[in-house]
file final_5.txt (compact mmCIF, C-alpha atoms)
# COMPACT_ATOMS: atom_id res chain seq x y z
CA MET A 25 5.19 -7.73 -11.33
CA PHE A 26 2.50 -10.32 -11.87
CA LYS A 27 3.22 -13.86 -12.98
CA LEU A 28 0.66 -14.66 -15.69
CA SER A 29 2.09 -18.08 -16.50
CA GLU A 30 5.34 -20.06 -16.37
CA LYS A 31 6.93 -17.82 -19.01
CA ILE A 32 4.97 -14.55 -18.93
CA LEU A 33 5.34 -11.59 -16.58
CA LEU A 34 3.09 -8.55 -16.49
CA LEU A 35 4.49 -5.30 -15.10
CA CYS A 36 1.75 -2.91 -14.11
CA VAL A 37 2.01 0.73 -12.96
CA GLY A 38 -0.53 3.50 -12.64
CA GLU A 39 -3.39 4.50 -10.38
CA ALA A 40 -3.59 3.03 -6.90
CA GLY A 41 -6.00 0.13 -6.84
CA ASP A 42 -6.49 -0.03 -10.60
CA THR A 43 -3.07 -1.69 -11.01
CA VAL A 44 -3.72 -4.63 -8.72
CA GLN A 45 -7.38 -5.05 -9.73
CA PHE A 46 -6.66 -5.08 -13.46
CA ALA A 47 -3.47 -7.13 -13.28
CA GLU A 48 -5.05 -9.76 -11.04
CA TYR A 49 -8.06 -9.96 -13.38
CA ILE A 50 -5.77 -10.64 -16.35
CA GLN A 51 -3.67 -13.06 -14.29
CA LYS A 52 -6.67 -15.16 -13.22
CA ASN A 53 -8.12 -15.20 -16.74
CA VAL A 54 -4.83 -16.38 -18.26
CA GLN A 55 -4.68 -19.16 -15.66
CA LEU A 56 -8.32 -20.05 -16.41
CA TYR A 57 -7.48 -20.43 -20.11
CA LYS A 58 -4.82 -22.98 -19.19
CA MET A 59 -7.27 -24.90 -16.98
CA ARG A 60 -9.94 -24.99 -19.67
CA ASN A 61 -7.77 -25.73 -22.70
CA GLY A 62 -4.82 -27.65 -21.29
CA TYR A 63 -2.14 -25.34 -22.68
CA GLU A 64 -0.99 -21.81 -21.90
CA LEU A 65 -1.70 -18.63 -23.81
CA SER A 66 1.27 -17.40 -25.86
CA PRO A 67 2.76 -14.02 -24.85
CA SER A 68 1.36 -12.44 -28.00
CA ALA A 69 -2.13 -13.78 -27.30
CA ALA A 70 -1.94 -12.70 -23.65
CA ALA A 71 -0.84 -9.21 -24.68
CA ASN A 72 -3.68 -8.83 -27.16
CA PHE A 73 -6.16 -10.19 -24.61
CA THR A 74 -4.92 -7.61 -22.09
CA ARG A 75 -5.13 -4.81 -24.63
CA LYS A 76 -8.67 -5.76 -25.59
CA ASN A 77 -9.78 -5.63 -21.96
CA LEU A 78 -8.13 -2.24 -21.51
CA ALA A 79 -9.85 -0.97 -24.67
CA ASP A 80 -13.26 -2.29 -23.60
CA TYR A 81 -13.02 -0.54 -20.25
CA LEU A 82 -11.58 2.66 -21.75
CA ARG A 83 -14.89 4.03 -22.91
CA SER A 84 -16.88 2.73 -19.97
CA ARG A 85 -17.67 4.59 -16.75
CA THR A 86 -14.72 2.89 -15.05
CA PRO A 87 -11.60 2.96 -17.22
CA TYR A 88 -8.41 1.47 -15.78
CA HIS A 89 -5.60 4.00 -15.62
CA VAL A 90 -2.66 1.57 -15.91
CA ASN A 91 0.51 1.34 -18.00
CA LEU A 92 1.81 -2.15 -18.72
CA LEU A 93 4.79 -4.08 -19.97
CA LEU A 94 4.21 -7.73 -20.82
CA ALA A 95 7.35 -9.85 -21.06
CA GLY A 96 7.25 -13.44 -22.20
CA TYR A 97 9.02 -16.34 -23.89
CA ASP A 98 7.23 -18.18 -26.65
CA ASP A 99 8.61 -21.64 -27.41
CA THR A 100 8.19 -21.03 -31.16
CA ASP A 101 8.79 -17.29 -31.54
CA GLY A 102 11.34 -16.74 -28.78
CA PRO A 103 11.36 -13.84 -26.28
CA GLY A 104 8.95 -10.92 -26.72
CA LEU A 105 8.24 -7.60 -24.97
CA TYR A 106 4.92 -5.84 -25.39
CA TYR A 107 4.34 -2.19 -24.42
CA MET A 108 0.79 -1.13 -23.51
CA ASP A 109 -0.44 2.16 -22.15
CA TYR A 110 -3.63 3.35 -20.45
CA LEU A 111 -5.18 4.32 -23.80
CA SER A 112 -4.87 0.64 -24.78
CA SER A 113 -2.17 1.01 -27.39
CA LEU A 114 -0.05 -2.09 -28.02
CA ALA A 115 3.43 -2.29 -29.50
CA LYS A 116 5.97 -5.10 -29.62
CA ALA A 117 9.36 -3.58 -28.83
CA PRO A 118 12.93 -4.70 -28.16
CA PHE A 119 13.04 -2.49 -25.05
CA ALA A 120 10.58 -0.18 -23.31
CA ALA A 121 9.95 1.95 -20.23
CA HIS A 122 7.01 3.70 -18.55
CA GLY A 123 6.95 6.75 -16.32
CA TYR A 124 9.23 9.76 -15.91
CA GLY A 125 12.22 7.43 -15.73
CA ALA A 126 11.59 6.57 -19.36
CA TYR A 127 12.70 10.07 -20.41
CA LEU A 128 16.12 9.35 -18.96
CA THR A 129 16.55 5.69 -19.87
CA LEU A 130 15.15 5.27 -23.37
CA SER A 131 18.03 7.09 -24.99
CA ILE A 132 20.50 4.90 -23.12
CA LEU A 133 18.68 1.83 -24.39
CA ASP A 134 18.60 3.29 -27.91
CA ARG A 135 22.35 3.85 -27.80
CA TYR A 136 23.58 0.59 -26.28
CA TYR A 137 20.94 -2.04 -27.06
CA ARG A 138 21.78 -4.80 -29.52
CA PRO A 139 19.58 -7.81 -30.28
CA ASP A 140 22.51 -10.15 -29.60
CA LEU A 141 23.38 -9.00 -26.06
CA SER A 142 24.55 -11.70 -23.68
CA ARG A 143 22.84 -12.07 -20.30
CA ASP A 144 25.64 -10.25 -18.46
CA GLU A 145 25.74 -7.45 -21.04
CA ALA A 146 21.98 -7.04 -20.66
CA VAL A 147 22.24 -6.75 -16.88
CA ASP A 148 25.04 -4.21 -17.35
CA LEU A 149 22.78 -2.21 -19.65
CA LEU A 150 20.10 -2.29 -16.97
CA LYS A 151 22.66 -1.10 -14.42
CA LYS A 152 23.57 1.81 -16.72
CA CYS A 153 19.90 2.84 -16.74
CA VAL A 154 19.61 2.61 -12.95
CA GLU A 155 22.80 4.62 -12.49
CA GLU A 156 21.37 7.36 -14.66
CA LEU A 157 18.17 7.38 -12.61
CA ASN A 158 20.20 7.62 -9.41
CA LYS A 159 22.04 10.59 -10.86
CA ARG A 160 19.27 12.60 -12.51
CA PHE A 161 15.90 11.42 -11.27
CA ILE A 162 14.35 13.49 -8.52
CA LEU A 163 12.91 10.53 -6.59
CA ASN A 164 15.23 8.25 -4.68
CA LEU A 165 14.67 4.67 -5.87
CA PRO A 166 16.98 2.56 -3.76
CA SER A 167 16.02 -0.92 -4.93
CA PHE A 168 14.97 -2.66 -8.17
CA THR A 169 13.70 -6.23 -8.51
CA VAL A 170 15.14 -7.91 -11.60
CA ARG A 171 13.73 -10.99 -13.31
CA LEU A 172 14.82 -12.83 -16.43
CA ILE A 173 12.59 -14.95 -18.67
CA ASP A 174 14.09 -17.58 -20.97
CA LYS A 175 13.12 -20.96 -22.38
CA GLU A 176 13.43 -22.46 -18.90
CA GLY A 177 11.02 -19.96 -17.38
CA ILE A 178 11.18 -17.02 -14.98
CA HIS A 179 14.39 -16.51 -12.96
CA ASP A 180 14.95 -14.09 -10.07
CA LEU A 181 18.20 -12.18 -10.55
CA GLU A 182 20.01 -10.25 -7.85
CA LYS A 183 18.25 -7.07 -6.68
CA LEU A 184 19.81 -3.85 -7.96
CA THR A 185 20.48 -1.66 -4.94
CA LEU A 186 22.83 0.87 -6.52
CA GLY A 187 20.84 3.74 -5.02
CA ALA A 188 20.86 2.56 -1.41
CA LYS A 189 23.41 4.01 1.04
CA MET D 5 -25.71 15.45 -9.59
CA THR D 6 -23.98 16.67 -6.43
CA VAL D 7 -25.88 17.96 -3.39
CA GLN D 8 -24.57 21.09 -1.69
CA ARG D 9 -23.10 20.24 1.70
CA PRO D 10 -23.81 22.37 4.79
CA PHE D 11 -20.25 21.66 6.15
CA ARG D 12 -16.92 20.13 5.14
CA LEU D 13 -16.58 16.38 5.68
CA ALA D 14 -14.67 15.23 8.78
CA HIS D 15 -11.15 14.41 7.58
CA GLY D 16 -8.35 15.30 9.95
CA THR D 17 -6.68 12.54 11.89
CA THR D 18 -3.51 10.98 13.18
CA THR D 19 -3.54 7.20 13.32
CA LEU D 20 -0.64 4.83 13.35
CA GLY D 21 0.20 1.16 13.65
CA PHE D 22 3.42 -0.81 13.78
CA ILE D 23 4.66 -4.36 14.27
CA PHE D 24 7.45 -5.24 16.72
CA GLN D 25 8.69 -8.30 18.59
CA GLY D 26 5.85 -8.05 21.12
CA GLY D 27 2.97 -7.84 18.64
CA VAL D 28 1.14 -4.97 16.96
CA ILE D 29 0.51 -1.49 18.37
CA ALA D 30 -2.36 0.66 17.07
CA ALA D 31 -2.71 4.27 18.21
CA ALA D 32 -4.91 7.19 17.19
CA ASP D 33 -6.06 10.61 18.30
CA THR D 34 -9.71 11.29 19.10
CA ARG D 35 -10.59 14.52 17.32
CA ALA D 36 -13.22 14.73 14.57
CA SER D 37 -12.93 17.99 12.66
CA ALA D 38 -15.37 19.44 10.15
CA GLY D 39 -13.47 22.21 8.39
CA GLY D 40 -12.23 24.41 11.23
CA LEU D 41 -14.68 23.14 13.83
CA VAL D 42 -13.92 20.38 16.30
CA ALA D 43 -17.09 18.42 15.64
CA CYS D 44 -16.31 15.92 18.40
CA PRO D 45 -13.33 15.75 20.79
CA ALA D 46 -13.89 12.17 21.90
CA VAL D 47 -14.29 9.91 18.89
CA HIS D 48 -13.19 6.25 18.78
CA LYS D 49 -10.97 5.90 15.76
CA ILE D 50 -9.82 2.41 16.66
CA THR D 51 -12.55 -0.21 16.49
CA PRO D 52 -12.19 -3.86 17.47
CA MET D 53 -13.48 -6.25 14.78
CA HIS D 54 -12.94 -9.50 16.61
CA SER D 55 -10.72 -10.73 19.42
CA HIS D 56 -7.58 -10.54 17.28
CA LEU D 57 -8.26 -7.67 14.89
CA VAL D 58 -8.68 -3.94 15.34
CA VAL D 59 -9.07 -1.35 12.62
CA THR D 60 -7.92 2.29 12.73
CA SER D 61 -9.92 4.69 10.63
CA SER D 62 -9.23 7.97 8.91
CA GLY D 63 -10.84 9.98 6.15
CA SER D 64 -14.52 10.65 6.38
CA GLY D 65 -15.76 9.63 9.83
CA ALA D 66 -19.20 8.60 8.63
CA ASP D 67 -17.87 6.48 5.77
CA CYS D 68 -15.40 4.72 8.05
CA MET D 69 -18.03 3.93 10.67
CA LEU D 70 -20.33 2.47 8.04
CA TRP D 71 -17.71 0.32 6.35
CA GLU D 72 -16.31 -0.94 9.66
CA ARG D 73 -19.80 -2.08 10.58
CA ILE D 74 -20.33 -3.76 7.22
CA LEU D 75 -16.95 -5.47 7.43
CA ILE D 76 -17.65 -6.77 10.95
CA ARG D 77 -20.90 -8.22 9.66
CA GLU D 78 -19.28 -9.85 6.65
CA ILE D 79 -16.42 -11.48 8.56
CA ARG D 80 -18.82 -12.74 11.22
CA LEU D 81 -21.04 -14.24 8.51
CA TYR D 82 -18.02 -15.91 6.94
CA GLN D 83 -17.04 -17.36 10.32
CA LEU D 84 -20.53 -18.75 10.89
CA ARG D 85 -20.82 -20.19 7.39
CA HIS D 86 -17.36 -21.72 7.09
CA GLY D 87 -16.46 -22.55 10.68
CA HIS D 88 -13.18 -20.66 10.72
CA ARG D 89 -12.08 -17.05 10.84
CA LEU D 90 -10.96 -15.20 7.73
CA SER D 91 -7.25 -14.40 7.67
CA ILE D 92 -6.37 -10.72 7.93
CA ARG D 93 -5.06 -10.63 4.37
CA ALA D 94 -8.37 -12.07 3.17
CA THR D 95 -10.30 -9.56 5.29
CA ALA D 96 -8.30 -6.76 3.68
CA LYS D 97 -8.98 -8.07 0.19
CA LEU D 98 -12.70 -8.44 1.01
CA LEU D 99 -12.81 -4.85 2.22
CA SER D 100 -10.92 -3.64 -0.85
CA SER D 101 -13.37 -5.43 -3.16
CA MET D 102 -16.35 -3.94 -1.32
CA LEU D 103 -14.91 -0.43 -1.64
CA HIS D 104 -14.05 -0.78 -5.32
CA PRO D 105 -17.48 0.13 -6.79
CA PHE D 106 -17.23 3.46 -4.99
CA LYS D 107 -13.90 4.44 -6.48
CA GLY D 108 -14.18 7.83 -8.13
CA THR D 109 -16.96 8.99 -5.83
CA GLU D 110 -16.44 11.30 -2.87
CA MET D 111 -16.26 8.41 -0.44
CA CYS D 112 -13.04 8.68 1.55
CA VAL D 113 -11.99 5.73 3.68
CA ALA D 114 -8.45 4.87 4.79
CA LEU D 115 -8.28 1.98 7.24
CA THR D 116 -5.40 0.02 8.71
CA LEU D 117 -6.22 -3.51 9.80
CA CYS D 118 -4.01 -4.40 12.78
CA GLY D 119 -4.19 -7.95 13.97
CA TRP D 120 -2.81 -11.36 14.65
CA ASP D 121 -3.75 -14.48 12.70
CA LYS D 122 -2.30 -17.93 11.89
CA SER D 123 0.62 -16.35 10.06
CA GLY D 124 1.54 -14.00 12.91
CA PRO D 125 1.19 -10.23 13.39
CA LYS D 126 -0.23 -8.35 10.42
CA LEU D 127 -0.65 -4.72 9.45
CA ILE D 128 -2.54 -3.94 6.25
CA TYR D 129 -3.56 -0.53 4.89
CA VAL D 130 -6.72 -0.37 2.76
CA CYS D 131 -8.16 2.78 1.24
CA SER D 132 -11.05 3.80 -0.96
CA ASP D 133 -8.66 4.62 -3.85
CA GLY D 134 -8.18 0.86 -4.09
CA ALA D 135 -4.75 0.59 -2.50
CA ARG D 136 -4.10 -2.47 -0.33
CA LEU D 137 -0.64 -2.57 1.24
CA GLN D 138 0.92 -4.86 3.81
CA GLY D 139 3.72 -3.39 5.91
CA ASP D 140 5.49 -3.10 9.26
CA VAL D 141 4.58 0.51 9.98
CA PHE D 142 1.82 2.77 8.74
CA SER D 143 0.60 6.19 9.74
CA VAL D 144 -2.51 7.65 8.12
CA GLY D 145 -4.17 11.05 8.20
CA SER D 146 -3.33 14.72 8.16
CA GLY D 147 -0.98 14.27 11.12
CA SER D 148 0.83 11.27 9.65
CA PRO D 149 3.99 13.08 8.44
CA TYR D 150 4.64 14.28 11.98
CA ALA D 151 4.02 10.82 13.38
CA TYR D 152 6.35 9.22 10.82
CA GLY D 153 9.07 11.65 11.85
CA VAL D 154 9.00 10.43 15.45
CA LEU D 155 8.37 6.75 14.57
CA ASP D 156 11.13 6.49 11.98
CA ARG D 157 13.73 7.71 14.47
CA GLU D 158 13.08 5.19 17.25
CA LEU D 159 11.21 2.25 15.73
CA ARG D 160 13.04 -1.10 15.97
CA TRP D 161 11.86 -4.69 16.00
CA SER D 162 13.47 -5.30 19.41
CA LEU D 163 11.48 -2.66 21.36
CA SER D 164 9.97 -3.84 24.62
CA LYS D 165 6.21 -3.57 25.13
CA GLY D 166 6.62 -0.51 27.35
CA GLU D 167 8.95 1.21 24.89
CA ALA D 168 6.64 0.52 21.98
CA ILE D 169 3.61 1.93 23.77
CA SER D 170 5.56 4.98 24.84
CA LEU D 171 6.80 5.50 21.27
CA ALA D 172 3.29 5.29 19.86
CA ARG D 173 2.00 7.78 22.44
CA GLU D 174 4.86 10.15 21.71
CA ALA D 175 4.27 9.97 17.94
CA VAL D 176 0.55 10.75 18.28
CA PHE D 177 1.31 13.50 20.80
CA ARG D 178 3.81 15.25 18.52
CA ALA D 179 1.43 14.95 15.57
CA THR D 180 -1.47 16.43 17.53
CA HIS D 181 0.75 19.32 18.54
CA ARG D 182 1.66 20.29 14.98
CA ASP D 183 -1.51 19.26 13.14
CA ALA D 184 -4.51 21.43 13.88
CA TYR D 185 -6.93 18.70 12.80
CA SER D 186 -5.63 16.13 15.29
CA GLY D 187 -5.80 16.36 19.04
CA ASN D 188 -7.65 15.85 22.31
CA ASN D 189 -6.89 12.29 23.47
CA VAL D 190 -4.86 9.28 22.42
CA ASP D 191 -6.22 5.72 22.18
CA LEU D 192 -3.79 2.83 22.27
CA PHE D 193 -4.37 -0.85 21.46
CA HIS D 194 -1.87 -3.70 21.77
CA ILE D 195 -2.54 -6.91 19.83
CA THR D 196 -0.80 -10.19 20.56
CA ALA D 197 -1.44 -13.85 19.84
CA GLN D 198 -3.78 -13.80 22.85
CA GLY D 199 -5.90 -10.96 21.45
CA TRP D 200 -6.17 -7.18 21.77
CA SER D 201 -5.94 -5.11 24.93
CA GLN D 202 -6.77 -1.43 25.26
CA ARG D 203 -5.02 1.20 27.33
CA LYS D 204 -6.99 3.86 29.17
CA ARG D 205 -7.65 6.90 26.99
CA GLU D 206 -5.18 9.71 27.86
CA ASP D 207 -5.71 13.45 27.57
CA LEU D 208 -2.85 14.93 25.57
CA LYS D 209 -3.33 18.36 27.16
CA GLU D 210 -1.76 16.95 30.33
CA GLU D 211 1.04 15.39 28.30
CA TYR D 212 1.69 18.82 26.77
CA TYR D 213 2.16 20.47 30.17
CA ARG D 214 4.33 17.63 31.42
CA ASP D 215 6.49 17.94 28.33
CA LYS D 216 6.69 21.72 28.73
CA GLU D 217 7.82 21.30 32.32
CA LYS D 218 10.45 18.78 31.32
CA LYS D 219 11.76 21.18 28.67
CA GLY D 220 11.74 24.03 31.17
CA LYS D 221 13.79 21.96 33.64
CA LYS D 222 16.27 21.02 30.91
CA LYS D 223 16.63 24.66 29.95
CA ASN D 224 17.26 25.63 33.57
CA ASP D 225 19.81 22.84 33.91
CA LYS D 226 21.55 24.14 30.80
CA LEU D 227 21.63 27.73 32.06
CA LYS D 228 23.06 26.76 35.42

call {"tool": "encode", "arguments": {"input": "final_5.txt", "output": "structure tokens"}}
result
Amino acid sequence: MFKLSEKILLLCVGEAGDTVQFAEYIQKNVQLYKMRNGYELSPSAAANFTRKNLADYLRSRTPYHVNLLLAGYDDTDGPGLYYMDYLSSLAKAPFAAHGYGAYLTLSILDRYYRPDLSRDEAVDLLKKCVEELNKRFILNLPSFTVRLIDKEGIHDLEKLTLGAK
Amino acid sequence: MTVQRPFRLAHGTTTLGFIFQGGVIAAADTRASAGGLVACPAVHKITPMHSHLVVTSSGSGADCMLWERILIREIRLYQLRHGHRLSIRATAKLLSSMLHPFKGTEMCVALTLCGWDKSGPKLIYVCSDGARLQGDVFSVGSGSPYAYGVLDRELRWSLSKGEAISLAREAVFRATHRDAYSGNNVDLFHITAQGWSQRKREDLKEEYYRDKEKKGKKKNDKLK
């Protein structure tokens, strides 16, 4: 998870090395925008900036093999989640997942997600997803970091360690 | 355009490093293999960079030697230009940035930086794929699974210096036994706030016979 600004987080998975290099490049550029212009990029602008970079590198000799989720809170538009993959597609979505875990969790999110979930209900939904992974996913994933973004900024919630013995 | 090679690149290794209350231990075997041939039985896989940093190497021997040399040069230049030493995290990031242009080529370098700086003991793994990971224990190379098996059983923060050294030796020994591409001797370094110190290189063949004798005695004791 990379903190792009006070209210934007970038989650980045994929090839070793590419993840950190690309995410840090985006992170530093978003911070540079703030220094130059005096205000921060909106989540939508940051997502499109990220996608453009991914697209530019895609047909170069050194494409970045990374899958991204950009989560942010815009003071005018409210919370937003942007799904990007290594082929530089971009989609705004109410919920999203990358990786093999997505096969197991997306249907749970489809079934139980509502736009008017409370914070506790949302964490419970996340717990449902993690429980499913602990049951059916071949890899043991003992611990998940959880963060929440709202109008006050980024908050660290309690780690989910449902898989640890 | 790829050039045909006359032999396989040197790749097999067991190296390990871990942090404990008494500092950082770095240990490695000394065999360089090229395919099925033992190209050299007495290689130095742990190289000191400065008084408080050593680096263990695995992957292609030639690539590691080159990049260690380049890194030593770069951190010395930084020290001369800026008047203070680079932190180990910064050294790792510098190395990672230097390796990045070669990602996707056949260059194969997997180094662990083991050292002590202002923020205490540090252990950072850097490889030519671009990964850069800080941790408390790393083992790299073809023999690493065997080393992890031994390390994960006994490793604790509260080990004494003697116990830690003996654990590292044991882990490398067991790995060299099972892994054909690791063997010959074991090198051991101990890094503290005062700097690194090196143990005398030990031949693992002798360790093997000692261990065999111990097992034989145990067996006889059991039979009695």

call {"tool": "closest_residue", "arguments": {"input": "final_5.txt", "among": "D:Leu159, D:Val59, D:Leu127, D:Ala135", "to": "Glu39 of chain A", "atoms": "all atoms listed in the file"}}
result
D:Ala135

call {"tool": "closest_residue", "arguments": {"input": "final_5.txt", "among": "D:Arg73, D:Arg80, D:Lys97, D:His54", "to": "chain A", "atoms": "all atoms listed in the file"}}
result
D:Lys97

call {"tool": "interface_residues", "arguments": {"input": "final_5.txt", "of": "chain D", "to": "chain A", "cutoff": "8 Å", "atoms": "all atoms listed in the file", "output": "PyMOL selection string"}}
result
chain D and resi 133-136

call {"tool": "write_last_selection", "arguments": {"input": "final_5.txt", "atoms": "C-alpha atoms", "output": "compact mmCIF listing (two decimals), keeping the file's coordinate frame"}}
result
# COMPACT_ATOMS: atom_id res chain seq x y z
CA ASP D 133 -8.66 4.62 -3.85
CA GLY D 134 -8.18 0.86 -4.09
CA ALA D 135 -4.75 0.59 -2.50
CA ARG D 136 -4.10 -2.47 -0.33

call {"tool": "residues_around", "arguments": {"input": "final_5.txt", "residues": "Phe22 of chain D", "least_positions_apart": "3", "cutoff": "9 Å", "atoms": "only C-alpha atoms", "output": "ChimeraX atom specification"}}
result
/D:27-30,118,127,139-143,159,168,172

call {"tool": "residues_around", "arguments": {"input": "final_5.txt", "residues": "Leu35 of chain A", "least_positions_apart": "6", "cutoff": "9 Å", "atoms": "only C-alpha atoms", "output": "number ranges by chain"}}
result
A: 25-27, 47, 91-95

call {"tool": "atom_distance", "arguments": {"input": "final_5.txt", "atom1": "atom CA of Val90 of chain A", "atom2": "atom CA of Thr95 of chain D"}}
result
25.1 Å

call {"tool": "atom_distance", "arguments": {"input": "final_5.txt", "atom1": "atom CA of Lys222 of chain D", "atom2": "atom CA of Leu171 of chain D"}}
result
20.6 Å

call {"tool": "residues_around", "arguments": {"input": "final_5.txt", "residues": "Lys209 of chain D", "least_positions_apart": "4", "cutoff": "8 Å", "atoms": "only C-alpha atoms", "output": "tab-separated table (two decimals) with C-alpha atoms, in the frame of the given file"}}
result
chain	number	residue	atom	x	y	z
D	188	ASN	CA	-7.65	15.85	22.31
D	189	ASN	CA	-6.89	12.29	23.47
D	213	TYR	CA	2.16	20.47	30.17

call {"tool": "atom_distance", "arguments": {"input": "final_5.txt", "atom1": "atom CA of Ala126 of chain A", "atom2": "atom CA of Met108 of chain A"}}
result
13.9 Å

call {"tool": "closest_residue", "arguments": {"input": "final_5.txt", "among": "A:Arg75, A:Phe46, A:Cys153, A:Asp134", "to": "Ala115 of chain A", "atoms": "only C-alpha atoms"}}
result
A:Arg75

call {"tool": "closest_residue", "arguments": {"input": "final_5.txt", "among": "A:Glu64, A:Asp80, A:Asp144, A:Glu48", "to": "Asp98 of chain A", "atoms": "all atoms listed in the file"}}
result
A:Glu64

call {"tool": "residues_around", "arguments": {"input": "final_5.txt", "residues": "Gln202 of chain D", "least_positions_apart": "5", "cutoff": "7 Å", "atoms": "only C-alpha atoms", "output": "ChimeraX atom specification"}}
result
/D:192-194

call {"tool": "closest_residue", "arguments": {"input": "final_5.txt", "among": "D:Ser201, D:Ser162, D:Ser123, D:Ser186", "to": "Ala43 of chain D", "atoms": "all atoms listed in the file"}}
result
D:Ser186

call {"tool": "residues_around", "arguments": {"input": "final_5.txt", "residues": "Lys122 of chain D", "least_positions_apart": "6", "cutoff": "12 Å", "atoms": "all atoms listed in the file", "output": "MDAnalysis selection string"}}
result
chainID D and resid 56 88:93 196:198

call {"tool": "axis_aligned_box", "arguments": {"input": "final_5.txt", "around": "segment 139-149 of chain A", "padding_each_side": "3 Å", "output": "JSON"}}
result
{"center_x": 22.7, "center_y": -7.1, "center_z": -23.6, "size_x": 12.2, "size_y": 15.9, "size_z": 19.4}

call {"tool": "closest_residue", "arguments": {"input": "final_5.txt", "among": "D:Ile76, D:Met102, D:Cys68, D:Val176", "to": "Thr116 of chain D", "atoms": "all atoms listed in the file"}}
result
D:Cys68

call {"tool": "decode", "arguments": {"input": "final_5.txt", "residues": "segment 27-67 of chain A", "atoms": "C-alpha atoms", "output": "PDB file, in the first residue's frame"}}
result
ATOM      1  CA  LYS A  27       0.227   6.636   0.365  1.00  0.00           C
ATOM      2  CA  LEU A  28      -0.087   8.984  -2.614  1.00  0.00           C
ATOM      3  CA  SER A  29      -1.554  11.860  -0.626  1.00  0.00           C
ATOM      4  CA  GLU A  30      -3.552  12.585   2.530  1.00  0.00           C
ATOM      5  CA  LYS A  31      -6.646  10.882   1.092  1.00  0.00           C
ATOM      6  CA  ILE A  32      -5.369   8.531  -1.626  1.00  0.00           C
ATOM      7  CA  LEU A  33      -3.929   5.029  -1.285  1.00  0.00           C
ATOM      8  CA  LEU A  34      -2.452   2.971  -4.101  1.00  0.00           C
ATOM      9  CA  LEU A  35      -2.419  -0.810  -3.746  1.00  0.00           C
ATOM     10  CA  CYS A  36       0.065  -2.410  -6.087  1.00  0.00           C
ATOM     11  CA  VAL A  37       0.670  -6.115  -6.822  1.00  0.00           C
ATOM     12  CA  GLY A  38       2.511  -7.913  -9.576  1.00  0.00           C
ATOM     13  CA  GLU A  39       6.076  -8.603 -10.638  1.00  0.00           C
ATOM     14  CA  ALA A  40       8.853  -8.289  -8.094  1.00  0.00           C
ATOM     15  CA  GLY A  41      10.568  -4.952  -8.441  1.00  0.00           C
ATOM     16  CA  ASP A  42       8.071  -3.502 -10.906  1.00  0.00           C
ATOM     17  CA  THR A  43       5.548  -2.948  -8.090  1.00  0.00           C
ATOM     18  CA  VAL A  44       7.775  -0.803  -5.907  1.00  0.00           C
ATOM     19  CA  GLN A  45       9.448   1.024  -8.811  1.00  0.00           C
ATOM     20  CA  PHE A  46       6.176   1.969 -10.490  1.00  0.00           C
ATOM     21  CA  ALA A  47       4.251   2.764  -7.312  1.00  0.00           C
ATOM     22  CA  GLU A  48       7.040   4.938  -5.931  1.00  0.00           C
ATOM     23  CA  TYR A  49       7.285   6.778  -9.268  1.00  0.00           C
ATOM     24  CA  ILE A  50       3.565   7.580  -9.150  1.00  0.00           C
ATOM     25  CA  GLN A  51       3.785   8.468  -5.453  1.00  0.00           C
ATOM     26  CA  LYS A  52       6.621  10.965  -5.955  1.00  0.00           C
ATOM     27  CA  ASN A  53       4.941  12.535  -8.984  1.00  0.00           C
ATOM     28  CA  VAL A  54       1.660  13.033  -7.121  1.00  0.00           C
ATOM     29  CA  GLN A  55       3.581  14.693  -4.280  1.00  0.00           C
ATOM     30  CA  LEU A  56       5.452  16.853  -6.818  1.00  0.00           C
ATOM     31  CA  TYR A  57       2.126  18.068  -8.241  1.00  0.00           C
ATOM     32  CA  LYS A  58       1.132  19.252  -4.773  1.00  0.00           C
ATOM     33  CA  MET A  59       4.455  21.063  -4.314  1.00  0.00           C
ATOM     34  CA  ARG A  60       4.203  22.797  -7.672  1.00  0.00           C
ATOM     35  CA  ASN A  61       0.512  23.723  -7.643  1.00  0.00           C
ATOM     36  CA  GLY A  62      -0.325  24.093  -3.968  1.00  0.00           C
ATOM     37  CA  TYR A  63      -3.198  21.606  -3.960  1.00  0.00           C
ATOM     38  CA  GLU A  64      -3.467  17.829  -4.257  1.00  0.00           C
ATOM     39  CA  LEU A  65      -4.519  15.776  -7.255  1.00  0.00           C
ATOM     40  CA  SER A  66      -8.046  14.372  -6.971  1.00  0.00           C
ATOM     41  CA  PRO A  67      -8.365  10.563  -6.838  1.00  0.00           C
TER      42      PRO A  67
END
